[in-house]
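Q: Provided herewith is a single structure, encoded as structure tokens, for subsequent inquiry.
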There are 2 protein chains.
Amino acid sequence: WPNSPRSLAPSIPEIWLLLFQMVLLRKRSELDEISLWPLPQKFQSSAVAFKLSPARFQIVQAKQSSAGPSCSILENAFRLETFSQLVYEDDYGVNNINKTDISDFPRFAHRGILLDSSRHFLPLKVILANLEAMAMNKFNVFHWHIVDDHSFPYMSRTFPELSQKGAYHPFTHVYTPSDVKMVIEFARMRGIRVIPEFDTPGHTESWGNGIKDLLTPCYSDSSPSGAFGPVNPILNSSYDFMTQFFKEISTVFPDAYIHLGGDEVDFSCWESNPDIQRFMVQQGFGTDYSKLESFYIQRLLDIVAATKKGYMVWQEVFDNGVKLKADTQIHVWKGRPQYQDEMAQVTAAGFNALLSTPWYLNRISYGQDWVNIYKADPQNFTGTDAQKKLVIGGEACLWGEYVDATNLTPRLWPRASAVAERLWSDKSVTDVDNAYNRLVQHRCRMVKRGIPAEPLFVGHCRQEYKGL
Amino acid sequence: WPNSPRSLAPSIPEIWLLLFQMVLLRKRSELDEISLWPLPQKFQSSAVAFKLSPARFQIVQAKQSSAGPSCSILENAFRLETFSQLVYEDDYGVNNINKTDISDFPRFAHRGILLDSSRHFLPLKVILANLEAMAMNKFNVFHWHIVDDHSFPYMSRTFPELSQKGAYHPFTHVYTPSDVKMVIEFARMRGIRVIPEFDTPGHTESWGNGIKDLLTPCYSDSSPSGAFGPVNPILNSSYDFMTQFFKEISTVFPDAYIHLGGDEVDFSCWESNPDIQRFMVQQGFGTDYSKLESFYIQRLLDIVAATKKGYMVWQEVFDNGVKLKADTQIHVWKGRPQYQDEMAQVTAAGFNALLSTPWYLNRISYGQDWVNIYKADPQNFTGTDAQKKLVIGGEACLWGEYVDATNLTPRLWPRASAVAERLWSDKSVTDVDNAYNRLVQHRCRMVKRGIPAEPLFVGHCRQEYKGL
């Protein structure tokens, strides 16, 4: 836009840390139509408004920018979510924008969403659409809970039998290598990391279909019952498998972190198995099966560390006293609604913590449950400043027991948007009424882009959802 | 299908009362793949299976049929929902059907779904898609809660200002006369009646925008506060308006019944108004404002009776002792979860009753809440056989406070399917495990037809939902 001072510069080389100042072309009054979500850290709007000309509009970098014009992610980011939210259509259909100074950066570095593609298979289209919605809400981590007890849709090059025998269907209900690549690239262009979760030793029933002897045979009346339990931790073959498997995973997923799960290990099958019982005696574990669990996890962590990846684990791994690398990230999910003690303990031990306890969005109730989601704060626990700094963020989780392509998106949005603002905006941004007014408009913005985000309450969008 | 005895005959002239016997062309074994929903009254399947040839398949009427070949609804009904559920694809993609004798009729005559297009506007496409889903579940009444406090999307020929000033938007958020016609015809071809609800004297805030003096001015400190309450029951102009309005409605909607609402009248505004107070004294009503409500409703019922329509009303109209025509249908919705007393009282007074109390499907909770929906029975109250016979059915209600086009369909289905079977199948059909297995498959059948019915629990459909 000619004849006007302008600058748009990432003043430090962090994609989300943006300072942009805009002086544009025309005055107006309907300031209330502008509703930013999540709210920027510093934001000063004025009544000076300007028209946008589609033909002449461009975004340029400031001279002091450290990023070159060849930075493709930044070029792509120039679609800039915040900027687009400042634009409004007037009654004549002309795009307007007010003179606005924004200095913005996220409160937390890790702002994630967990989707579960095992309890129900999620078609690629659904995942991509939700990555788009994540970008609109400045989420930057897609935690892909890709496999679990019920199905193994990840198609492995090294062990193709995992999905051949473990997926709901070997052809129609799998993620091929090119599917996975597409998800990663689609996310990358939107500033979103993809962290896959391969949860062991529990939650692995579907793994056992393809890999013989991987799971522990359960016993009943001193003979095998035919059922299987967690990964068998006493066989070398289990660790050989994990070594090869995570070597592949570390190559397929470029992110520096892998989520290794480690939650909800059921000991009853281990307890029933005479070989495991003998091993417990040999190792001097007594009858404390959490020691056996730690034995397994310890070896797994060494295997994954050898791939040069960092790891995230569910809180049980910390709770059970497993020896962890200093950069391990502990994912707090238990203790609804009291997560404070765990956050305090994890950070007191010097580990990075991220919170999901109050953000299990699969749990639904009637009415405006986004308010409690919005009120939860990851730093709301008793601890030192140093402890608070170890909180790297949080994740909204949408577990898949009752969710698939038919209802995932409206169940996730705009409830996840409440988490987005908590993780992005300043700690002081807590006014629920103000948030309601902005979120209503933000939700309509998502609907306008084809995302079926459900309504907060009675009302309407200028443009209603067109799909079904 | 040649060379085989066949008959398909509605043995009495009721569209849903069907006796058909089929002898078809090939044997198979996977009987478990056939899951009928709702379960027919009598059903005998055999292992004798036959192939269906798309080119040669036809349905013919038996010689004893009383319906002629010119009956368009019956011709259309030959798509027959039950029949299509008997057809299964084998591993070679061939359509098969087993020899099956079905003698079927509904337990209750009134099997309805209420959708609310006022709290949120529902695009026509959403309504039509749900009529399709209703037909798949043998619902036969669409209760269209078309207007309410929040918006008035019904475009009236007589009073166009009602939607011009009362809809969320006068052009994009309205149902034109041709929209309404399309809904009625689309429903008719699927054996579904459309019963519109125009609720008065409460729930009418949006009516007041277009019709001057229709609503009661509320007072505060002996002067008008600017707010308005229910329809003003002391002005002749209110009754003149209702006479003209319902004359139009009785023409536009061909069904023999209109739902007149009558629920949740808030007396505080009436109480504040000095003119109303004076009228109360004149009429000798004392301070019992339910007498004023009855005064209004009584006159309204006379107005509607003059159009030759029957009427349905919410239970308050009965509870308040309004004098009702003998064919009035009382819609029971209060007293969650105890609806038994009200059903007993309504039927003891000799009125037809229909139940919605346990079927407010807008109310959601985490997990499999379809089970409680399924267990509720409209005849589960203490009363004589004659009283039980006065129960004509029930309706699943999806109120719109938190529901619009983005989330309506997965929230309604397959939970409404549980209501469908309760209203159609024999009283003895109550086995939840059996219902679960059939409903899982019925739900996949809906998904296959493009209806985003949400999953009951972990699992998959052979063909997942393709939309978003």
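Labeling convention for the structure tokens: chains A, B, ... as they appear, residues from 1 per chain, ligands from 1 in order of appearance.
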Within 10 Å of chain B, which residues of chain A show up when using only C-alpha atoms, listed as JSON, numbers by chain?

A: {"A": [118, 119, 120, 121, 122, 123, 125, 126, 129, 150, 151, 168, 169, 172, 173, 362, 363, 364, 365, 366, 367, 368, 400, 401, 402, 403, 404, 405, 406, 407, 408, 409, 410, 411, 447, 450, 451, 452, 453, 454, 455, 456, 457, 458, 459, 460, 461, 462, 463, 464, 465, 466, 467, 468]}

Q: With only C-alpha atoms as the counted atoms, please give the residues lying no more than 7 Å from Leu354 in chain A, apart from itself and same-chain residues fewer than 6 positions off, as a ChimeraX atom specification.

A: /A:330-332,391-394

Q: Just write the chosen residues, all heavy atoms, as a CSV table (one decimal), in the first residue's frame.

A:
```
chain,number,residue,atom,x,y,z
A,330,ILE,N,7.6,-33.4,31.1
A,330,ILE,CA,6.6,-34.3,31.8
A,330,ILE,C,5.2,-33.7,31.5
A,330,ILE,O,4.9,-32.6,31.8
A,330,ILE,CB,6.9,-34.2,33.3
A,330,ILE,CG1,8.3,-34.5,33.6
A,330,ILE,CG2,5.9,-35.2,34.0
A,330,ILE,CD1,8.8,-35.9,33.3
A,331,HIS,N,4.4,-34.6,31.1
A,331,HIS,CA,3.0,-34.2,30.6
A,331,HIS,C,2.0,-34.6,31.7
A,331,HIS,O,1.7,-35.7,32.0
A,331,HIS,CB,2.7,-35.0,29.3
A,331,HIS,CG,1.6,-34.4,28.5
A,331,HIS,ND1,1.4,-34.7,27.2
A,331,HIS,CD2,0.6,-33.6,28.9
A,331,HIS,CE1,0.3,-34.0,26.8
A,331,HIS,NE2,-0.2,-33.4,27.8
A,332,VAL,N,1.5,-33.6,32.4
A,332,VAL,CA,0.6,-33.7,33.5
A,332,VAL,C,-0.8,-33.9,33.1
A,332,VAL,O,-1.3,-33.0,32.4
A,332,VAL,CB,0.8,-32.5,34.5
A,332,VAL,CG1,-0.2,-32.6,35.6
A,332,VAL,CG2,2.2,-32.5,35.1
A,391,VAL,N,7.4,-24.3,33.4
A,391,VAL,CA,6.2,-24.7,32.7
A,391,VAL,C,6.3,-24.2,31.3
A,391,VAL,O,6.3,-23.0,31.0
A,391,VAL,CB,5.0,-24.0,33.4
A,391,VAL,CG1,3.7,-24.4,32.7
A,391,VAL,CG2,4.9,-24.4,34.9
A,392,ILE,N,6.3,-25.2,30.4
A,392,ILE,CA,6.5,-24.8,28.9
A,392,ILE,C,5.2,-24.6,28.2
A,392,ILE,O,5.2,-24.2,27.1
A,392,ILE,CB,7.4,-25.8,28.2
A,392,ILE,CG1,6.8,-27.2,28.3
A,392,ILE,CG2,8.8,-25.7,28.7
A,392,ILE,CD1,7.5,-28.2,27.4
A,393,GLY,N,4.1,-25.0,28.8
A,393,GLY,CA,2.8,-24.8,28.2
A,393,GLY,C,1.8,-25.9,28.5
A,393,GLY,O,1.8,-26.4,29.6
A,394,GLY,N,1.0,-26.3,27.5
A,394,GLY,CA,0.0,-27.3,27.8
A,394,GLY,C,-0.6,-27.8,26.5
A,394,GLY,O,-0.2,-27.3,25.4
```

Q: Give me every helix (DSSP H, G or I) residue in range 110-245 of chain A, going by DSSP on the backbone, as a PyMOL selection string.

A: chain A and resi 124-136+161-166+177-188+207-210+236-245

Q: Output as a ChimeraX atom specification all residues of range 179-297 of chain B that backbone DSSP marks as strand (DSSP E or B).

A: /B:193-197,215-220,223-231,257-259

Q: Using only C-alpha atoms, which protein or nucleic acid residues come within 7 Å of range 290-303 of chain A? Drop anything in the same chain fewer than 6 positions from it, and give the result as an NGL selection string.

A: :A and (233 or 243 or 320 or 322-323)

Q: If we count only C-alpha atoms and set the cut-off at 8 Å, which residues sit around Gly261 in chain A, ignoring sequence neighbours fewer than 6 positions away in its own chain? Please answer as a PyMOL selection string.

A: chain A and resi 197-200+312-314

Q: Let's have the selection written as a PDB file, in the first residue's frame, with N, CA, C and O atoms.

A:
```
ATOM      1  N   GLU A 197       3.001 -39.748  19.219  1.00  0.00           N
ATOM      2  CA  GLU A 197       3.089 -40.528  20.451  1.00  0.00           C
ATOM      3  C   GLU A 197       2.991 -42.010  20.119  1.00  0.00           C
ATOM      4  O   GLU A 197       2.039 -42.447  19.463  1.00  0.00           O
ATOM      5  N   PHE A 198       4.002 -42.745  20.559  1.00  0.00           N
ATOM      6  CA  PHE A 198       3.942 -44.211  20.505  1.00  0.00           C
ATOM      7  C   PHE A 198       4.075 -44.686  21.939  1.00  0.00           C
ATOM      8  O   PHE A 198       5.166 -44.753  22.492  1.00  0.00           O
ATOM      9  N   ASP A 199       2.919 -44.940  22.510  1.00  0.00           N
ATOM     10  CA  ASP A 199       2.781 -45.195  23.944  1.00  0.00           C
ATOM     11  C   ASP A 199       3.117 -46.657  24.239  1.00  0.00           C
ATOM     12  O   ASP A 199       2.536 -47.565  23.652  1.00  0.00           O
ATOM     13  N   THR A 200       4.071 -46.893  25.131  1.00  0.00           N
ATOM     14  CA  THR A 200       4.383 -48.243  25.621  1.00  0.00           C
ATOM     15  C   THR A 200       4.726 -48.118  27.104  1.00  0.00           C
ATOM     16  O   THR A 200       4.970 -47.008  27.568  1.00  0.00           O
ATOM     17  N   MET A 312       9.024 -36.691  25.515  1.00  0.00           N
ATOM     18  CA  MET A 312       7.946 -36.323  26.431  1.00  0.00           C
ATOM     19  C   MET A 312       7.371 -37.617  26.969  1.00  0.00           C
ATOM     20  O   MET A 312       7.323 -38.624  26.266  1.00  0.00           O
ATOM     21  N   VAL A 313       6.943 -37.580  28.217  1.00  0.00           N
ATOM     22  CA  VAL A 313       6.293 -38.753  28.808  1.00  0.00           C
ATOM     23  C   VAL A 313       5.105 -38.299  29.651  1.00  0.00           C
ATOM     24  O   VAL A 313       5.073 -37.177  30.145  1.00  0.00           O
ATOM     25  N   TRP A 314       4.131 -39.172  29.809  1.00  0.00           N
ATOM     26  CA  TRP A 314       3.038 -38.899  30.735  1.00  0.00           C
ATOM     27  C   TRP A 314       3.560 -38.942  32.167  1.00  0.00           C
ATOM     28  O   TRP A 314       4.572 -39.568  32.462  1.00  0.00           O
TER      29      TRP A 314
END
```

Q: I'd like the neighbourhood of Leu214 in chain A as an MDAnalysis selection string, where a residue qualifies if any of its atoms comes within 9 Å (using only C-alpha atoms), though same-chain residues fewer than 4 positions away should be ignored.

A: chainID A and resid 207:208 210 230:233 235 237:238 241

Q: How would the residues just chosen look if you wrote them out with all heavy atoms as a compact mmCIF listing (two decimals), in the first residue's frame?

A:
```
# COMPACT_ATOMS: atom_id res chain seq x y z
N TRP A 207 -0.55 -53.57 18.84
CA TRP A 207 0.81 -53.89 18.37
C TRP A 207 1.01 -55.40 18.31
O TRP A 207 1.74 -55.91 17.46
CB TRP A 207 1.88 -53.32 19.31
CG TRP A 207 1.87 -51.86 19.58
CD1 TRP A 207 0.81 -51.08 19.93
CD2 TRP A 207 3.01 -50.98 19.54
NE1 TRP A 207 1.22 -49.78 20.12
CE2 TRP A 207 2.58 -49.69 19.90
CE3 TRP A 207 4.37 -51.17 19.27
CZ2 TRP A 207 3.42 -48.59 19.97
CZ3 TRP A 207 5.23 -50.07 19.35
CH2 TRP A 207 4.75 -48.79 19.69
N GLY A 208 0.37 -56.10 19.25
CA GLY A 208 0.59 -57.54 19.39
C GLY A 208 0.07 -58.35 18.22
O GLY A 208 0.53 -59.46 17.97
N GLY A 210 0.57 -57.81 15.10
CA GLY A 210 1.56 -57.92 14.04
C GLY A 210 2.92 -58.45 14.50
O GLY A 210 3.67 -59.00 13.70
N PRO A 230 0.74 -55.82 28.73
CA PRO A 230 1.68 -54.82 28.22
C PRO A 230 2.87 -55.49 27.51
O PRO A 230 3.00 -56.71 27.54
CB PRO A 230 2.17 -54.10 29.49
CG PRO A 230 1.17 -54.42 30.55
CD PRO A 230 0.62 -55.77 30.20
N VAL A 231 3.70 -54.67 26.89
CA VAL A 231 4.92 -55.16 26.26
C VAL A 231 5.66 -56.06 27.25
O VAL A 231 5.75 -55.76 28.44
CB VAL A 231 5.83 -53.98 25.84
CG1 VAL A 231 7.21 -54.47 25.41
CG2 VAL A 231 5.16 -53.20 24.70
N ASN A 232 6.18 -57.17 26.75
CA ASN A 232 6.93 -58.10 27.62
C ASN A 232 8.30 -57.50 27.94
O ASN A 232 9.16 -57.39 27.06
CB ASN A 232 7.08 -59.45 26.91
CG ASN A 232 7.54 -60.52 27.88
OD1 ASN A 232 8.26 -60.22 28.84
ND2 ASN A 232 7.12 -61.75 27.64
N PRO A 233 8.53 -57.13 29.19
CA PRO A 233 9.75 -56.38 29.52
C PRO A 233 10.94 -57.28 29.83
O PRO A 233 12.03 -56.77 30.10
CB PRO A 233 9.32 -55.61 30.78
CG PRO A 233 8.32 -56.51 31.45
CD PRO A 233 7.65 -57.31 30.36
N LEU A 235 12.04 -59.85 27.77
CA LEU A 235 12.65 -60.46 26.58
C LEU A 235 13.53 -59.45 25.85
O LEU A 235 13.12 -58.32 25.61
CB LEU A 235 11.56 -60.95 25.62
CG LEU A 235 10.61 -62.04 26.12
CD1 LEU A 235 9.61 -62.43 25.01
CD2 LEU A 235 11.38 -63.26 26.59
N SER A 237 14.13 -59.57 22.82
CA SER A 237 13.50 -59.31 21.52
C SER A 237 12.62 -58.06 21.57
O SER A 237 12.49 -57.34 20.57
CB SER A 237 12.69 -60.52 21.07
OG SER A 237 11.71 -60.84 22.07
N SER A 238 12.02 -57.79 22.74
CA SER A 238 11.20 -56.59 22.86
C SER A 238 12.05 -55.34 22.64
O SER A 238 11.65 -54.40 21.95
CB SER A 238 10.56 -56.52 24.26
OG SER A 238 9.67 -57.59 24.45
N PHE A 241 13.16 -54.97 19.03
CA PHE A 241 12.08 -54.40 18.23
C PHE A 241 11.99 -52.88 18.43
O PHE A 241 11.92 -52.12 17.46
CB PHE A 241 10.74 -55.05 18.61
CG PHE A 241 9.55 -54.32 18.07
CD1 PHE A 241 9.14 -54.49 16.76
CD2 PHE A 241 8.86 -53.41 18.87
CE1 PHE A 241 8.06 -53.79 16.25
CE2 PHE A 241 7.78 -52.70 18.38
CZ PHE A 241 7.38 -52.89 17.06
```

Q: Leaving out Gly229 in chain A and any residue of its chain fewer than 2 positions from it, which residues lie within 8 Å of it when counting only C-alpha atoms, given as a PyMOL selection string?

A: chain A and resi 202+205+215-218+227+231-232+266+269-270

Q: Using only C-alpha atoms, which residues sit within 8 Å of range 181-195 of chain A once same-chain residues fewer than 3 positions away are excluded, as a PyMOL selection string?

A: chain A and resi 15+73+76-77+124+127-128+131-132+135+139-144+177-178+252-253+255+257-259

Q: Taking only C-alpha atoms into account, name the residue in B:Asn372, B:His442, B:Arg107, B:Ser272 that is nearest to Ser220 in chain B.

A: B:Ser272

Q: One decimal, in Å: what's the spacing between CA of Leu423 in chain B and CA of Gln329 in chain B?

A: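 These atoms are spaced 16.7 Å apart.
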
Q: As an exercise, work out the distance from CA of Lys42 in chain A to CA of Trp359 in chain A in Å and give it to one decimal place.

A: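 Atom-to-atom, CA of Lys42 in chain A and CA of Trp359 in chain A are spaced 26.2 Å apart.
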
Q: Interatomic distance between CA of Ala386 in chain A and CA of Pro358 in chain A?

A: 22.8 Å
